[in-house]
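Just work-v5.pdb here, PDB, C-alpha atoms:
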MODEL        1
ATOM      1  CA  MET P 252      76.523  98.895 118.746  1.00  0.00           C
ATOM      2  CA  ALA P 253      77.130 100.828 115.494  1.00  0.00           C
ATOM      3  CA  ASP P 254      80.838 101.119 116.324  1.00  0.00           C
ATOM      4  CA  ARG P 255      81.148  97.371 116.845  1.00  0.00           C
ATOM      5  CA  LEU P 256      79.220  96.626 113.638  1.00  0.00           C
ATOM      6  CA  ALA P 257      81.389  99.031 111.629  1.00  0.00           C
ATOM      7  CA  ARG P 258      84.522  97.418 113.018  1.00  0.00           C
ATOM      8  CA  TRP P 259      83.346  93.897 112.165  1.00  0.00           C
ATOM      9  CA  ILE P 260      82.357  94.955 108.651  1.00  0.00           C
ATOM     10  CA  SER P 261      85.816  96.463 108.222  1.00  0.00           C
ATOM     11  CA  VAL P 262      87.443  93.240 109.381  1.00  0.00           C
ATOM     12  CA  LEU P 263      85.245  90.863 107.367  1.00  0.00           C
ATOM     13  CA  PHE P 264      85.483  92.894 104.165  1.00  0.00           C
ATOM     14  CA  ASP P 265      89.246  93.365 104.326  1.00  0.00           C
ATOM     15  CA  SER P 266      90.850  91.865 101.212  1.00  0.00           C
ATOM     16  CA  SER P 267      92.816  89.333 103.238  1.00  0.00           C
ATOM     17  CA  ILE P 268      89.599  87.901 104.711  1.00  0.00           C
ATOM     18  CA  LEU P 269      87.394  88.422 101.652  1.00  0.00           C
ATOM     19  CA  SER P 270      89.948  86.666  99.453  1.00  0.00           C
ATOM     20  CA  LEU P 271      89.339  83.355 101.245  1.00  0.00           C
ATOM     21  CA  PRO P 272      85.876  82.550  99.847  1.00  0.00           C
ATOM     22  CA  ILE P 273      86.594  84.277  96.516  1.00  0.00           C
ATOM     23  CA  PHE P 274      89.828  82.390  95.787  1.00  0.00           C
ATOM     24  CA  LEU P 275      88.320  79.096  96.959  1.00  0.00           C
ATOM     25  CA  ALA P 276      85.264  79.604  94.730  1.00  0.00           C
ATOM     26  CA  LEU P 277      87.404  80.509  91.723  1.00  0.00           C
ATOM     27  CA  GLY P 278      89.704  77.574  92.400  1.00  0.00           C
ATOM     28  CA  TYR P 279      86.759  75.197  92.599  1.00  0.00           C
ATOM     29  CA  VAL P 280      85.203  76.559  89.399  1.00  0.00           C
ATOM     30  CA  SER P 281      88.579  76.171  87.680  1.00  0.00           C
ATOM     31  CA  ALA P 282      89.472  72.605  88.594  1.00  0.00           C
ATOM     32  CA  ARG P 283      87.253  71.273  91.399  1.00  0.00           C
ATOM     33  CA  THR P 284      89.303  69.579  94.168  1.00  0.00           C
ATOM     34  CA  LEU P 285      92.670  70.267  92.551  1.00  0.00           C
ATOM     35  CA  GLY P 286      91.567  73.882  92.078  1.00  0.00           C
ATOM     36  CA  LEU P 287      90.768  74.139  95.788  1.00  0.00           C
ATOM     37  CA  LEU P 288      94.259  72.904  96.652  1.00  0.00           C
ATOM     38  CA  TRP P 289      95.739  75.462  94.277  1.00  0.00           C
ATOM     39  CA  ALA P 290      93.590  78.183  95.827  1.00  0.00           C
ATOM     40  CA  ILE P 291      94.824  77.296  99.327  1.00  0.00           C
ATOM     41  CA  LEU P 292      98.451  77.415  98.186  1.00  0.00           C
ATOM     42  CA  ILE P 293      97.973  80.754  96.426  1.00  0.00           C
ATOM     43  CA  LEU P 294      96.110  82.202  99.413  1.00  0.00           C
ATOM     44  CA  LEU P 295      99.014  81.268 101.676  1.00  0.00           C
ATOM     45  CA  ILE P 296     101.271  83.289  99.396  1.00  0.00           C
ATOM     46  CA  VAL P 297      99.192  86.341  98.407  1.00  0.00           C
ATOM     47  CA  THR P 298      97.449  86.741 101.759  1.00  0.00           C
ATOM     48  CA  GLY P 299      99.774  84.949 104.161  1.00  0.00           C
ATOM     49  CA  ILE P 300     102.988  86.818 103.347  1.00  0.00           C
ATOM     50  CA  PRO P 301     101.450  90.317 103.696  1.00  0.00           C
ATOM     51  CA  LEU P 302      99.664  89.224 106.882  1.00  0.00           C
ATOM     52  CA  VAL P 303     102.936  88.034 108.401  1.00  0.00           C
ATOM     53  CA  TYR P 304     104.462  91.407 107.476  1.00  0.00           C
ATOM     54  CA  LEU P 305     101.641  93.199 109.311  1.00  0.00           C
ATOM     55  CA  LEU P 306     101.950  91.003 112.397  1.00  0.00           C
ATOM     56  CA  ILE P 307     105.709  91.469 112.588  1.00  0.00           C
ATOM     57  CA  GLY P 308     105.286  95.187 111.872  1.00  0.00           C
ATOM     58  CA  ARG P 309     102.835  95.533 114.770  1.00  0.00           C
ATOM     59  CA  LYS P 310     105.230  93.716 117.078  1.00  0.00           C
ATOM     60  CA  TYR P 311     108.214  95.899 116.160  1.00  0.00           C
ATOM     61  CA  GLY P 312     106.303  99.145 115.726  1.00  0.00           C
ATOM     62  CA  TRP P 313     106.656 100.000 112.054  1.00  0.00           C
ATOM     63  CA  VAL P 314     102.923  99.347 111.544  1.00  0.00           C
ATOM     64  CA  SER P 315     100.493 101.274 113.759  1.00  0.00           C
ATOM     65  CA  ASP P 316      97.487  98.993 113.214  1.00  0.00           C
ATOM     66  CA  MET P 317      96.317  96.149 111.015  1.00  0.00           C
ATOM     67  CA  GLU P 318      94.318  98.564 108.837  1.00  0.00           C
ATOM     68  CA  LEU P 319      97.354 100.683 107.965  1.00  0.00           C
ATOM     69  CA  SER P 320      95.505 103.798 109.040  1.00  0.00           C
ATOM     70  CA  ARG P 321      98.543 105.990 108.441  1.00  0.00           C
ATOM     71  CA  ARG P 322      99.033 106.596 104.714  1.00  0.00           C
ATOM     72  CA  GLU P 323     102.835 106.564 104.984  1.00  0.00           C
ATOM     73  CA  GLU P 324     102.752 102.915 106.164  1.00  0.00           C
ATOM     74  CA  ARG P 325     100.960 101.727 103.048  1.00  0.00           C
ATOM     75  CA  PRO P 326     103.626 101.850 100.291  1.00  0.00           C
ATOM     76  CA  ARG P 327     105.966  99.370 102.028  1.00  0.00           C
ATOM     77  CA  PHE P 328     103.058  96.995 102.741  1.00  0.00           C
ATOM     78  CA  ILE P 329     101.929  97.222  99.118  1.00  0.00           C
ATOM     79  CA  LEU P 330     105.460  96.390  97.922  1.00  0.00           C
ATOM     80  CA  ILE P 331     105.385  93.268 100.103  1.00  0.00           C
ATOM     81  CA  SER P 332     101.987  92.435  98.638  1.00  0.00           C
ATOM     82  CA  LEU P 333     103.284  92.986  95.087  1.00  0.00           C
ATOM     83  CA  SER P 334     106.213  90.664  95.783  1.00  0.00           C
ATOM     84  CA  SER P 335     103.892  87.932  97.034  1.00  0.00           C
ATOM     85  CA  ASP P 336     101.720  88.373  93.919  1.00  0.00           C
ATOM     86  CA  VAL P 337     104.775  87.943  91.673  1.00  0.00           C
ATOM     87  CA  LEU P 338     105.760  84.789  93.563  1.00  0.00           C
ATOM     88  CA  ALA P 339     102.220  83.395  93.209  1.00  0.00           C
ATOM     89  CA  LEU P 340     102.125  84.203  89.480  1.00  0.00           C
ATOM     90  CA  PHE P 341     105.510  82.524  89.013  1.00  0.00           C
ATOM     91  CA  ILE P 342     104.341  79.352  90.792  1.00  0.00           C
ATOM     92  CA  LEU P 343     101.026  79.275  88.910  1.00  0.00           C
ATOM     93  CA  ARG P 344     102.757  79.614  85.541  1.00  0.00           C
ATOM     94  CA  LEU P 345     105.671  77.290  86.338  1.00  0.00           C
ATOM     95  CA  PHE P 346     103.465  74.439  87.563  1.00  0.00           C
ATOM     96  CA  GLY P 347     100.435  75.007  85.303  1.00  0.00           C
ATOM     97  CA  GLY P 348      97.989  76.248  87.925  1.00  0.00           C
ATOM     98  CA  PRO P 349      94.367  77.050  87.084  1.00  0.00           C
ATOM     99  CA  HIS P 350      94.037  79.932  84.646  1.00  0.00           C
ATOM    100  CA  LEU P 351      91.269  81.621  86.611  1.00  0.00           C
ATOM    101  CA  LEU P 352      93.496  81.818  89.693  1.00  0.00           C
ATOM    102  CA  THR P 353      96.245  83.304  87.534  1.00  0.00           C
ATOM    103  CA  VAL P 354      93.808  85.953  86.313  1.00  0.00           C
ATOM    104  CA  ILE P 355      92.675  86.910  89.830  1.00  0.00           C
ATOM    105  CA  VAL P 356      96.275  87.084  91.085  1.00  0.00           C
ATOM    106  CA  LEU P 357      97.204  89.216  88.067  1.00  0.00           C
ATOM    107  CA  THR P 358      94.257  91.458  88.960  1.00  0.00           C
ATOM    108  CA  TYR P 359      95.554  91.632  92.555  1.00  0.00           C
ATOM    109  CA  PHE P 360      98.986  92.587  91.181  1.00  0.00           C
ATOM    110  CA  CYS P 361      97.677  95.311  88.863  1.00  0.00           C
ATOM    111  CA  LEU P 362      95.454  96.728  91.586  1.00  0.00           C
ATOM    112  CA  ALA P 363      98.394  96.766  93.997  1.00  0.00           C
ATOM    113  CA  ILE P 364     100.388  98.831  91.481  1.00  0.00           C
ATOM    114  CA  VAL P 365      97.542 101.331  91.279  1.00  0.00           C
ATOM    115  CA  MET P 366      97.186 101.415  95.074  1.00  0.00           C
ATOM    116  CA  PHE P 367     100.948 101.884  95.481  1.00  0.00           C
ATOM    117  CA  SER P 368     100.983 104.764  93.010  1.00  0.00           C
ATOM    118  CA  ILE P 369      98.075 106.548  94.685  1.00  0.00           C
ATOM    119  CA  SER P 370      98.992 105.724  98.297  1.00  0.00           C
ATOM    120  CA  SER P 371     102.345 107.413  97.804  1.00  0.00           C
ATOM    121  CA  PHE P 372     100.553 110.774  97.922  1.00  0.00           C
ATOM    122  CA  TRP P 373      96.896 110.189  98.908  1.00  0.00           C
ATOM    123  CA  LYS P 374      94.968 107.813 101.191  1.00  0.00           C
ATOM    124  CA  ILE P 375      92.701 105.848  98.849  1.00  0.00           C
ATOM    125  CA  SER P 376      90.414 103.192 100.355  1.00  0.00           C
ATOM    126  CA  MET P 377      92.019  99.786  99.891  1.00  0.00           C
ATOM    127  CA  HIS P 378      88.902  98.191 101.432  1.00  0.00           C
ATOM    128  CA  MET P 379      86.701  99.639  98.702  1.00  0.00           C
ATOM    129  CA  ALA P 380      89.221  98.698  95.998  1.00  0.00           C
ATOM    130  CA  GLY P 381      89.213  95.093  97.208  1.00  0.00           C
ATOM    131  CA  VAL P 382      85.429  94.855  97.472  1.00  0.00           C
ATOM    132  CA  GLY P 383      84.916  96.560  94.098  1.00  0.00           C
ATOM    133  CA  GLY P 384      87.468  94.290  92.449  1.00  0.00           C
ATOM    134  CA  PHE P 385      86.176  91.071  93.965  1.00  0.00           C
ATOM    135  CA  SER P 386      82.556  91.991  93.130  1.00  0.00           C
ATOM    136  CA  THR P 387      83.538  92.651  89.517  1.00  0.00           C
ATOM    137  CA  ALA P 388      85.459  89.362  89.307  1.00  0.00           C
ATOM    138  CA  LEU P 389      82.410  87.480  90.589  1.00  0.00           C
ATOM    139  CA  VAL P 390      80.259  89.023  87.849  1.00  0.00           C
ATOM    140  CA  PHE P 391      82.804  88.042  85.179  1.00  0.00           C
ATOM    141  CA  VAL P 392      82.890  84.447  86.428  1.00  0.00           C
ATOM    142  CA  PHE P 393      79.283  83.854  87.542  1.00  0.00           C
ATOM    143  CA  GLY P 394      77.390  86.347  85.374  1.00  0.00           C
ATOM    144  CA  THR P 395      74.640  88.756  86.348  1.00  0.00           C
ATOM    145  CA  SER P 396      73.501  86.535  89.213  1.00  0.00           C
ATOM    146  CA  ALA P 397      76.542  87.878  91.118  1.00  0.00           C
ATOM    147  CA  LEU P 398      75.573  91.560  90.740  1.00  0.00           C
ATOM    148  CA  TRP P 399      74.270  91.471  94.325  1.00  0.00           C
ATOM    149  CA  ALA P 400      77.920  91.482  95.460  1.00  0.00           C
ATOM    150  CA  PHE P 401      78.101  95.204  94.636  1.00  0.00           C
ATOM    151  CA  LEU P 402      75.713  95.894  97.530  1.00  0.00           C
ATOM    152  CA  SER P 403      78.633  95.166  99.824  1.00  0.00           C
ATOM    153  CA  LEU P 404      80.235  98.414  98.610  1.00  0.00           C
ATOM    154  CA  LEU P 405      77.520 100.389 100.387  1.00  0.00           C
ATOM    155  CA  LEU P 406      78.022  98.428 103.588  1.00  0.00           C
ATOM    156  CA  VAL P 407      81.802  98.867 103.522  1.00  0.00           C
ATOM    157  CA  ALA P 408      81.528 102.569 102.645  1.00  0.00           C
ATOM    158  CA  TRP P 409      79.266 103.124 105.649  1.00  0.00           C
ATOM    159  CA  ALA P 410      81.652 101.234 107.955  1.00  0.00           C
ATOM    160  CA  ARG P 411      84.740 103.100 106.768  1.00  0.00           C
ATOM    161  CA  LEU P 412      82.965 106.463 107.072  1.00  0.00           C
ATOM    162  CA  HIS P 413      81.543 105.604 110.485  1.00  0.00           C
ATOM    163  CA  ARG P 414      85.010 104.664 111.751  1.00  0.00           C
ATOM    164  CA  ARG P 415      86.428 107.880 110.251  1.00  0.00           C
ATOM    165  CA  LYS P 416      89.018 105.934 108.262  1.00  0.00           C
ATOM    166  CA  HIS P 417      88.180 107.609 104.945  1.00  0.00           C
ATOM    167  CA  ASN P 418      86.207 110.407 103.378  1.00  0.00           C
ATOM    168  CA  ILE P 419      83.748 110.006 100.503  1.00  0.00           C
ATOM    169  CA  PRO P 420      86.212 110.822  97.658  1.00  0.00           C
ATOM    170  CA  GLN P 421      88.671 108.227  99.027  1.00  0.00           C
ATOM    171  CA  LEU P 422      85.900 105.618  99.163  1.00  0.00           C
ATOM    172  CA  ILE P 423      84.630 106.353  95.656  1.00  0.00           C
ATOM    173  CA  ALA P 424      88.156 106.361  94.223  1.00  0.00           C
ATOM    174  CA  GLY P 425      88.902 103.016  95.863  1.00  0.00           C
ATOM    175  CA  ALA P 426      85.735 101.404  94.521  1.00  0.00           C
ATOM    176  CA  LEU P 427      86.342 102.771  91.021  1.00  0.00           C
ATOM    177  CA  ALA P 428      89.958 101.604  91.033  1.00  0.00           C
ATOM    178  CA  GLY P 429      88.916  98.096  92.060  1.00  0.00           C
ATOM    179  CA  VAL P 430      86.185  97.860  89.446  1.00  0.00           C
ATOM    180  CA  LEU P 431      88.182  99.405  86.584  1.00  0.00           C
ATOM    181  CA  VAL P 432      91.360  97.390  87.124  1.00  0.00           C
ATOM    182  CA  THR P 433      89.349  94.163  87.340  1.00  0.00           C
ATOM    183  CA  VAL P 434      87.364  95.022  84.203  1.00  0.00           C
ATOM    184  CA  LEU P 435      90.601  95.715  82.339  1.00  0.00           C
ATOM    185  CA  VAL P 436      92.374  92.523  83.447  1.00  0.00           C
ATOM    186  CA  PHE P 437      89.387  90.184  83.150  1.00  0.00           C
ATOM    187  CA  GLY P 438      88.240  91.880  79.931  1.00  0.00           C
ATOM    188  CA  TRP P 439      91.704  91.525  78.423  1.00  0.00           C
ATOM    189  CA  LEU P 440      91.904  87.856  79.409  1.00  0.00           C
ATOM    190  CA  ARG P 441      88.200  87.026  78.943  1.00  0.00           C
ATOM    191  CA  THR P 442      88.763  84.745  75.985  1.00  0.00           C
ATOM    192  CA  LEU P 443      91.142  82.654  78.067  1.00  0.00           C
ATOM    193  CA  ILE P 444      88.837  82.180  81.073  1.00  0.00           C
TER     194      ILE P 444
ENDMDL
END
Please render this file's structure as structure tokens.
Amino acid sequence: MADRLARWISVLFDSSILSLPIFLALGYVSARTLGLLWAILILLIVTGIPLVYLLIGRKYGWVSDMELSRREERPRFILISLSSDVLALFILRLFGGPHLLTVIVLTYFCLAIVMFSISSFWKISMHMAGVGGFSTALVFVFGTSALWAFLSLLLVAWARLHRRKHNIPQLIAGALAGVLVTVLVFGWLRTLI
């Protein structure tokens, strides 16, 4: 039972899944119905392109599993993710997309650079980085009423430890990276939100 729960937590709190409600909420806050349409388009780019890479990689064997359990598989995936972020930022700027979506994609981009740099030599928890970053973004947008989102860090940390995907320093480093990068990007652009 615990194994199944840990696996489901890992799946549901993966950035590609977690981004769905976060991007849709930020899109809606930005521009209501039009913001939702923008969020769907941006999700197809920033989540869809890396997901297609993983699916093709699984089929042809250059990716061992959808969680990129082997550290050496991560840098190439992160480069694909960075490329999709750049494409999304270009489209948002070119066509005047909602500013809040631009900020979250820029946060995604900056966090991917940090993850790429670290993953080149150490296996940091990308799950914790995503959850820490998204939780911090929610607090910036919705205020202290969103602080409860940080409780998900404990849940994800337990799941990743239980599944033996990470050790405690990797989990803490991931969470800190997610929080700090988001604070820097949102803090820098706070006056524009």
**Asked** What residues come out when you apply the PyMOL selection byres ((chain P and resi 318) around 10) to this file, written as JSON, numbers by chain?
**Response** {"P": [261, 262, 265, 305, 314, 315, 316, 317, 319, 320, 321, 324, 325, 377, 378, 416]}
Quick one: write out the picked residues with C-alpha atoms as a PDB file, in the frame of the given file?
ATOM      1  CA  SER P 261      85.816  96.463 108.222  1.00  0.00           C
ATOM      2  CA  VAL P 262      87.443  93.240 109.381  1.00  0.00           C
ATOM      3  CA  ASP P 265      89.246  93.365 104.326  1.00  0.00           C
ATOM      4  CA  LEU P 305     101.641  93.199 109.311  1.00  0.00           C
ATOM      5  CA  VAL P 314     102.923  99.347 111.544  1.00  0.00           C
ATOM      6  CA  SER P 315     100.493 101.274 113.759  1.00  0.00           C
ATOM      7  CA  ASP P 316      97.487  98.993 113.214  1.00  0.00           C
ATOM      8  CA  MET P 317      96.317  96.149 111.015  1.00  0.00           C
ATOM      9  CA  LEU P 319      97.354 100.683 107.965  1.00  0.00           C
ATOM     10  CA  SER P 320      95.505 103.798 109.040  1.00  0.00           C
ATOM     11  CA  ARG P 321      98.543 105.990 108.441  1.00  0.00           C
ATOM     12  CA  GLU P 324     102.752 102.915 106.164  1.00  0.00           C
ATOM     13  CA  ARG P 325     100.960 101.727 103.048  1.00  0.00           C
ATOM     14  CA  MET P 377      92.019  99.786  99.891  1.00  0.00           C
ATOM     15  CA  HIS P 378      88.902  98.191 101.432  1.00  0.00           C
ATOM     16  CA  LYS P 416      89.018 105.934 108.262  1.00  0.00           C
TER      17      LYS P 416
END
Close residues, P:Leu357 itself excluded, 12 Å, only C-alpha atoms, min 3 positions apart in chain, as a short mmCIF file (atom, residue, chain, number, x, y, z; two decimals) with C-alpha atoms, in the frame of the given file:
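This is the output file around32.cif:
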data_model
loop_
_atom_site.label_atom_id
_atom_site.label_comp_id
_atom_site.auth_asym_id
_atom_site.auth_seq_id
_atom_site.Cartn_x
_atom_site.Cartn_y
_atom_site.Cartn_z
CA ILE P 293 97.97 80.75 96.43
CA VAL P 297 99.19 86.34 98.41
CA LEU P 333 103.28 92.99 95.09
CA SER P 334 106.21 90.66 95.78
CA SER P 335 103.89 87.93 97.03
CA ASP P 336 101.72 88.37 93.92
CA VAL P 337 104.78 87.94 91.67
CA LEU P 338 105.76 84.79 93.56
CA ALA P 339 102.22 83.40 93.21
CA LEU P 340 102.12 84.20 89.48
CA PHE P 341 105.51 82.52 89.01
CA LEU P 343 101.03 79.28 88.91
CA ARG P 344 102.76 79.61 85.54
CA HIS P 350 94.04 79.93 84.65
CA LEU P 351 91.27 81.62 86.61
CA LEU P 352 93.50 81.82 89.69
CA THR P 353 96.24 83.30 87.53
CA VAL P 354 93.81 85.95 86.31
CA PHE P 360 98.99 92.59 91.18
CA CYS P 361 97.68 95.31 88.86
CA LEU P 362 95.45 96.73 91.59
CA ALA P 363 98.39 96.77 94.00
CA ILE P 364 100.39 98.83 91.48
CA GLY P 384 87.47 94.29 92.45
CA ALA P 388 85.46 89.36 89.31
CA VAL P 432 91.36 97.39 87.12
CA THR P 433 89.35 94.16 87.34
CA LEU P 435 90.60 95.72 82.34
CA VAL P 436 92.37 92.52 83.45
CA PHE P 437 89.39 90.18 83.15
CA TRP P 439 91.70 91.52 78.42
CA LEU P 440 91.90 87.86 79.41
#
**Request:** Step by step, work through what the PyMOL selection byres ((chain P and resi 298) around 10) selects in the shown file, and finish by giving those residues as a ChimeraX atom specification.
**Result:** /P:266-268,270-271,293-297,299-303,332,335-336
**Request:** Name the residues in contact with P:Ile260 at a cut-off of 12 Å, using all atoms listed in the file, excluding same-chain residues fewer than 4 positions from it; report them as JSON, numbers by chain.
**Result:** {"P": [253, 254, 255, 256, 264, 265, 266, 268, 269, 378, 379, 382, 403, 404, 405, 406, 407, 408, 409, 410, 411, 412, 413, 414]}
Quick one: write out the picked residues with C-alpha atoms as a CSV table (one decimal), keeping the file's coordinate frame?
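Listing of out_28.csv after writing:
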chain,number,residue,atom,x,y,z
P,253,ALA,CA,77.1,100.8,115.5
P,254,ASP,CA,80.8,101.1,116.3
P,255,ARG,CA,81.1,97.4,116.8
P,256,LEU,CA,79.2,96.6,113.6
P,264,PHE,CA,85.5,92.9,104.2
P,265,ASP,CA,89.2,93.4,104.3
P,266,SER,CA,90.8,91.9,101.2
P,268,ILE,CA,89.6,87.9,104.7
P,269,LEU,CA,87.4,88.4,101.7
P,378,HIS,CA,88.9,98.2,101.4
P,379,MET,CA,86.7,99.6,98.7
P,382,VAL,CA,85.4,94.9,97.5
P,403,SER,CA,78.6,95.2,99.8
P,404,LEU,CA,80.2,98.4,98.6
P,405,LEU,CA,77.5,100.4,100.4
P,406,LEU,CA,78.0,98.4,103.6
P,407,VAL,CA,81.8,98.9,103.5
P,408,ALA,CA,81.5,102.6,102.6
P,409,TRP,CA,79.3,103.1,105.6
P,410,ALA,CA,81.7,101.2,108.0
P,411,ARG,CA,84.7,103.1,106.8
P,412,LEU,CA,83.0,106.5,107.1
P,413,HIS,CA,81.5,105.6,110.5
P,414,ARG,CA,85.0,104.7,111.8
**Request:** Go ahead and compute the interatomic distance for atom CA of P:Arg322 and atom CA of P:Phe401, in Å to one decimal.
**Result:**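 Value for the atom CA of P:Arg322-atom CA of P:Phe401 distance: 25.9 Å.
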